[in-house]
file protein_1.tsv (TSV, C-alpha atoms and all ligand atoms)
chain	number	residue	atom	x	y	z
W	1	VAL	CA	-12.65	-2.52	7.32
W	2	GLY	CA	-14.57	-0.30	4.98
W	3	VAL	CA	-14.94	3.33	4.13
W	4	PHE	CA	-13.34	5.56	6.73
W	5	VAL	CA	-16.01	7.58	8.53
W	6	GLY	CA	-15.19	10.19	11.14
W	7	ASN	CA	-12.47	12.71	11.84
W	8	TRP	CA	-9.00	12.13	10.51
W	9	PRO	CA	-6.63	11.11	13.31
W	10	TRP	CA	-4.88	14.49	13.03
W	11	SER	CA	-7.95	16.13	14.57
W	12	SER	CA	-6.31	15.07	17.85
W	13	PRO	CA	-3.00	16.99	17.70
W	14	SER	CA	-1.30	15.13	20.56
W	15	GLY	CA	-2.41	11.71	19.33
W	16	TRP	CA	-1.32	12.64	15.81
W	17	GLN	CA	2.12	13.73	17.00
W	18	ARG	CA	2.51	10.39	18.79
W	19	LEU	CA	1.55	8.51	15.62
W	20	ARG	CA	3.93	10.66	13.57
W	21	ARG	CA	6.75	9.75	15.97
W	22	GLY	CA	5.87	6.09	15.50
W	23	VAL	CA	4.37	5.47	18.94
W	24	ASP	CA	2.03	2.48	18.61
W	25	CYS	CA	2.40	2.70	14.83
W	26	PRO	CA	0.61	-0.30	13.31
W	27	LEU	CA	3.04	-0.44	10.38
W	28	CYS	CA	6.08	-0.61	12.70
W	29	ASP	CA	4.93	-3.84	14.30
W	30	PRO	CA	5.78	-6.61	11.81
W	31	GLY	CA	3.95	-9.11	14.00
W	32	ALA	CA	0.75	-7.16	13.49
W	33	LEU	CA	1.19	-6.85	9.73
W	34	ALA	CA	-1.06	-9.37	8.09
W	35	ASP	CA	-0.69	-10.25	4.44
W	36	VAL	CA	3.01	-9.38	4.03
W	37	VAL	CA	4.06	-11.52	1.09
W	38	VAL	CA	7.63	-10.36	0.56
W	39	ARG	CA	10.38	-8.12	1.93
W	40	LEU	CA	12.29	-6.06	-0.60
W	41	PRO	CA	15.53	-4.16	0.19
W	42	SER	CA	13.72	-1.12	1.69
W	43	THR	CA	10.14	-2.23	2.06
W	44	LEU	CA	7.54	-4.78	3.05
W	45	VAL	CA	4.83	-5.63	0.51
W	46	ARG	CA	1.32	-6.47	1.63
W	47	VAL	CA	-1.27	-8.10	-0.62
W	48	PRO	CA	-4.48	-8.31	1.38
W	49	ARG	CA	-7.25	-10.59	0.20
W	50	SER	CA	-9.77	-7.88	1.01
W	51	ALA	CA	-8.72	-4.88	-1.08
W	52	CYS	CA	-9.92	-1.92	-3.13
W	53	LEU	CA	-9.15	-3.73	-6.40
W	54	PRO	CA	-7.81	-7.14	-7.41
W	55	GLY	CA	-4.04	-6.90	-7.88
W	56	TYR	CA	-3.71	-4.25	-5.17
W	57	ALA	CA	-0.41	-4.19	-3.26
W	58	CYS	CA	0.81	-1.89	-0.51
W	59	VAL	CA	4.53	-1.05	-0.41
W	60	ILE	CA	5.54	-0.02	3.11
W	61	HIS	CA	8.86	1.54	4.09
W	62	ALA	CA	10.75	-0.84	6.36
W	63	ARG	CA	11.46	1.80	9.00
W	64	HIS	CA	9.23	4.50	10.39
W	65	ALA	CA	9.24	7.68	8.32
W	66	VAL	CA	6.31	9.98	7.67
W	67	GLU	CA	7.00	11.74	4.39
W	68	LEU	CA	9.03	10.73	1.36
W	69	HIS	CA	11.03	13.94	1.85
W	70	ASP	CA	11.99	12.78	5.36
W	71	LEU	CA	14.24	10.16	3.75
W	72	GLY	CA	17.72	10.96	2.57
W	73	SER	CA	18.09	11.00	-1.20
W	74	GLU	CA	19.68	7.54	-1.34
W	75	GLU	CA	17.05	6.11	0.98
W	76	ALA	CA	14.26	7.76	-1.03
W	77	ALA	CA	15.71	6.37	-4.24
W	78	ALA	CA	15.87	2.89	-2.72
W	79	PHE	CA	12.25	3.20	-1.58
W	80	MET	CA	11.12	4.29	-5.05
W	81	ARG	CA	13.07	1.42	-6.65
W	82	ASP	CA	10.97	-1.01	-4.61
W	83	VAL	CA	7.76	0.87	-5.51
W	84	CYS	CA	8.70	0.76	-9.21
W	85	SER	CA	9.52	-2.96	-9.05
W	86	VAL	CA	6.12	-3.77	-7.56
W	87	SER	CA	4.26	-1.39	-9.86
W	88	HIS	CA	5.93	-2.85	-12.94
W	89	VAL	CA	5.14	-6.44	-11.99
W	90	VAL	CA	1.56	-5.56	-10.98
W	91	GLU	CA	1.03	-3.94	-14.39
W	92	ARG	CA	2.39	-6.99	-16.21
W	93	VAL	CA	0.57	-9.60	-14.12
W	94	THR	CA	-2.82	-7.87	-14.08
W	95	GLY	CA	-2.81	-6.39	-17.58
W	96	ALA	CA	-3.88	-3.08	-16.03
W	97	ALA	CA	-4.88	-0.22	-18.31
W	98	LYS	CA	-3.11	2.10	-15.81
W	99	VAL	CA	-1.37	1.67	-12.48
W	100	ASN	CA	-2.39	4.27	-9.89
W	101	LEU	CA	0.13	4.97	-7.12
W	102	LEU	CA	-1.25	6.68	-4.02
W	103	SER	CA	0.82	7.88	-1.08
W	104	LEU	CA	-1.68	9.21	1.44
W	105	GLY	CA	-1.02	8.27	5.06
W	106	ASN	CA	-3.91	10.27	6.49
W	107	LEU	CA	-4.86	7.41	8.79
W	108	VAL	CA	-1.43	5.86	9.41
W	109	PRO	CA	1.44	8.37	8.98
W	110	HIS	CA	4.07	5.77	8.09
W	111	LEU	CA	5.37	6.06	4.53
W	112	HIS	CA	3.60	3.64	2.21
W	113	VAL	CA	2.37	3.59	-1.38
W	114	HIS	CA	-0.85	1.95	-2.56
W	115	VAL	CA	-0.27	0.24	-5.92
W	116	CYS	CA	-3.66	0.01	-7.62
W	117	PRO	CA	-4.12	-1.56	-11.06
W	118	ARG	CA	-7.00	0.09	-12.96
W	119	ARG	CA	-9.13	-1.63	-15.56
W	120	PRO	CA	-12.07	-0.45	-17.63
W	121	GLY	CA	-15.26	-0.87	-15.61
W	122	ASP	CA	-13.54	-1.41	-12.27
W	123	ARG	CA	-15.24	-0.44	-8.98
W	124	PHE	CA	-13.89	3.11	-9.17
W	125	ASP	CA	-14.43	3.79	-12.87
W	126	GLY	CA	-15.18	7.51	-13.06
W	127	LEU	CA	-14.79	7.96	-9.31
W	128	PRO	CA	-11.92	8.97	-7.01
W	129	LEU	CA	-9.97	5.86	-6.05
W	130	ASP	CA	-10.18	5.13	-2.32
W	131	PRO	CA	-7.75	2.40	-1.23
W	132	GLY	CA	-9.61	2.17	2.09
W	133	HIS	CA	-12.82	1.18	0.34
W	134	VAL	CA	-12.16	-2.54	0.40
W	135	ALA	CA	-14.23	-5.57	-0.57
W	136	GLU	CA	-13.80	-9.24	-1.35
W	137	VAL	CA	-12.38	-8.61	-4.82
W	138	TYR	CA	-10.97	-12.07	-5.59
W	139	ARG	CA	-12.77	-15.18	-6.73
W	140	ALA	CA	-11.62	-18.56	-5.42
W	141	GLY	CA	-7.94	-19.14	-6.13
W	142	GLU	CA	-7.32	-15.72	-7.69
W	143	HIS	CA	-5.59	-14.19	-4.67
W	144	GLU	CA	-3.17	-17.11	-4.36
W	145	ARG	CA	-2.46	-16.95	-8.09
W	146	PHE	CA	-1.83	-13.20	-8.01
W	147	VAL	CA	0.54	-13.51	-5.03
W	148	ALA	CA	2.45	-16.34	-6.75
W	149	GLU	CA	2.76	-14.34	-9.99
W	150	LEU	CA	3.82	-11.20	-8.13
W	151	LEU	CA	6.53	-13.07	-6.23
W	152	HIS	CA	7.71	-14.79	-9.40
W	153	GLY	CA	7.87	-11.46	-11.22
W	154	LEU	CA	9.78	-9.79	-8.40
W	155	ARG	CA	12.36	-12.59	-8.42
W	156	GLY	CA	12.84	-12.33	-12.17
D	1	ZN	ZN	5.61	3.28	11.66

call {"tool": "encode", "arguments": {"input": "protein_1.tsv", "output": "structure tokens"}}
result
Amino acid sequence: VGVFVGNWPWSSPSGWQRLRRGVDCPLCDPGALADVVVRLPSTLVRVPRSACLPGYACVIHARHAVELHDLGSEEAAAFMRDVCSVSHVVERVTGAAKVNLLSLGNLVPHLHVHVCPRRPGDRFDGLPLDPGHVAEVYRAGEHERFVAELLHGLRG
């Protein structure tokens, strides 16, 4: 996985409509979701080892929905509570200068938020942050330690 090159999936209107409806949606198949470290009330949280930045987490709505505004107000509030919980713990654990939250979904139209801790001099300093631009961002043991601290923080 690296930088996305090519047409966005929506350049195929019929294929895009299928994806929007959740047909063959990769985020609806829990068996295919690698790196899920925890389930929160409304979401699954992925922490891939290969990521845009160390401390990155992806908060994925537990059921298929495309836009935040597709959720009812209670459901949207529950989703944002999970996003806030993860964002808060990521900030604390990583010591980020700023947490960037990105809800894009241009490749996979299933509601999710990229939680990206920013630090001075990080890979995207002065550039647009691209959560799809992934690399091996952890040194030995760091990924395991981050996951353990994230889970501990979410329990507390
Ligand atoms: Zn889906």

call {"tool": "closest_atom_pairs", "arguments": {"input": "protein_1.tsv", "of": "chain W", "to": "ligand ZN 1 (chain D)", "cutoff": "12 Å", "atoms": "all atoms listed in the file", "output": "CSV"}}
result
residue,atom,partner,partner_atom,distance
W:Arg18,CA,D:ZN1,ZN,10.5
W:Leu19,CA,D:ZN1,ZN,7.7
W:Arg20,CA,D:ZN1,ZN,7.8
W:Arg21,CA,D:ZN1,ZN,7.9
W:Gly22,CA,D:ZN1,ZN,4.8
W:Val23,CA,D:ZN1,ZN,7.7
W:Asp24,CA,D:ZN1,ZN,7.9
W:Cys25,CA,D:ZN1,ZN,4.5
W:Pro26,CA,D:ZN1,ZN,6.4
W:Leu27,CA,D:ZN1,ZN,4.7
W:Cys28,CA,D:ZN1,ZN,4.1
W:Asp29,CA,D:ZN1,ZN,7.6
W:Pro30,CA,D:ZN1,ZN,9.9
W:Ala32,CA,D:ZN1,ZN,11.7
W:Leu33,CA,D:ZN1,ZN,11.2
W:Thr43,CA,D:ZN1,ZN,12.0
W:Leu44,CA,D:ZN1,ZN,12.0
W:Ile60,CA,D:ZN1,ZN,9.2
W:His61,CA,D:ZN1,ZN,8.4
W:Ala62,CA,D:ZN1,ZN,8.5
W:Arg63,CA,D:ZN1,ZN,6.6
W:His64,CA,D:ZN1,ZN,4.0
W:Ala65,CA,D:ZN1,ZN,6.6
W:Val66,CA,D:ZN1,ZN,7.8
W:Glu67,CA,D:ZN1,ZN,11.2
W:Gly105,CA,D:ZN1,ZN,10.6
W:Leu107,CA,D:ZN1,ZN,11.6
W:Val108,CA,D:ZN1,ZN,7.8
W:Pro109,CA,D:ZN1,ZN,7.1
W:His110,CA,D:ZN1,ZN,4.6
W:Leu111,CA,D:ZN1,ZN,7.7
W:His112,CA,D:ZN1,ZN,9.7

call {"tool": "atom_distance", "arguments": {"input": "protein_1.tsv", "atom1": "atom CA of Gly31 of chain W", "atom2": "atom CA of Glu75 of chain W"}}
result
23.9 Å

call {"tool": "residues_near_point", "arguments": {"input": "protein_1.tsv", "point": "(9.1, 4.6, -2.7)", "cutoff": "8 Å", "atoms": "only C-alpha atoms", "output": "MDAnalysis selection string"}}
result
chainID W and resid 59 61 68 76:84 112:113

call {"tool": "atom_distance", "arguments": {"input": "protein_1.tsv", "atom1": "atom CA of Trp16 of chain W", "atom2": "atom CA of His133 of chain W"}}
result
22.4 Å

call {"tool": "atom_distance", "arguments": {"input": "protein_1.tsv", "atom1": "atom CA of Leu101 of chain W", "atom2": "atom CA of Asp130 of chain W"}}
result
11.4 Å

call {"tool": "residues_around", "arguments": {"input": "protein_1.tsv", "residues": "Glu144 of chain W", "least_positions_apart": "5", "cutoff": "12 Å", "atoms": "all atoms listed in the file", "output": "MDAnalysis selection string"}}
result
chainID W and resid 35 37 47:49 54:55 138:139 149:151

call {"tool": "residues_around", "arguments": {"input": "protein_1.tsv", "residues": "Val134 of chain W", "least_positions_apart": "3", "cutoff": "12 Å", "atoms": "all atoms listed in the file", "output": "list in words"}}
result
Val1, Gly2, Val3, Phe4, Pro48, Arg49, Ser50, Ala51, Cys52, Leu53, Pro54, Tyr56, Cys116, Arg123, Phe124, Leu129, Asp130, Pro131, Val137 and Tyr138 of chain W

call {"tool": "closest_residue", "arguments": {"input": "protein_1.tsv", "among": "W:Leu40, W:Val115, W:Ala34, W:Leu127", "to": "Thr94 of chain W", "atoms": "all atoms listed in the file"}}
result
W:Val115

call {"tool": "closest_residue", "arguments": {"input": "protein_1.tsv", "among": "W:Gly15, W:Pro9, W:Val93, W:Ser42", "to": "His152 of chain W", "atoms": "all atoms listed in the file"}}
result
W:Val93
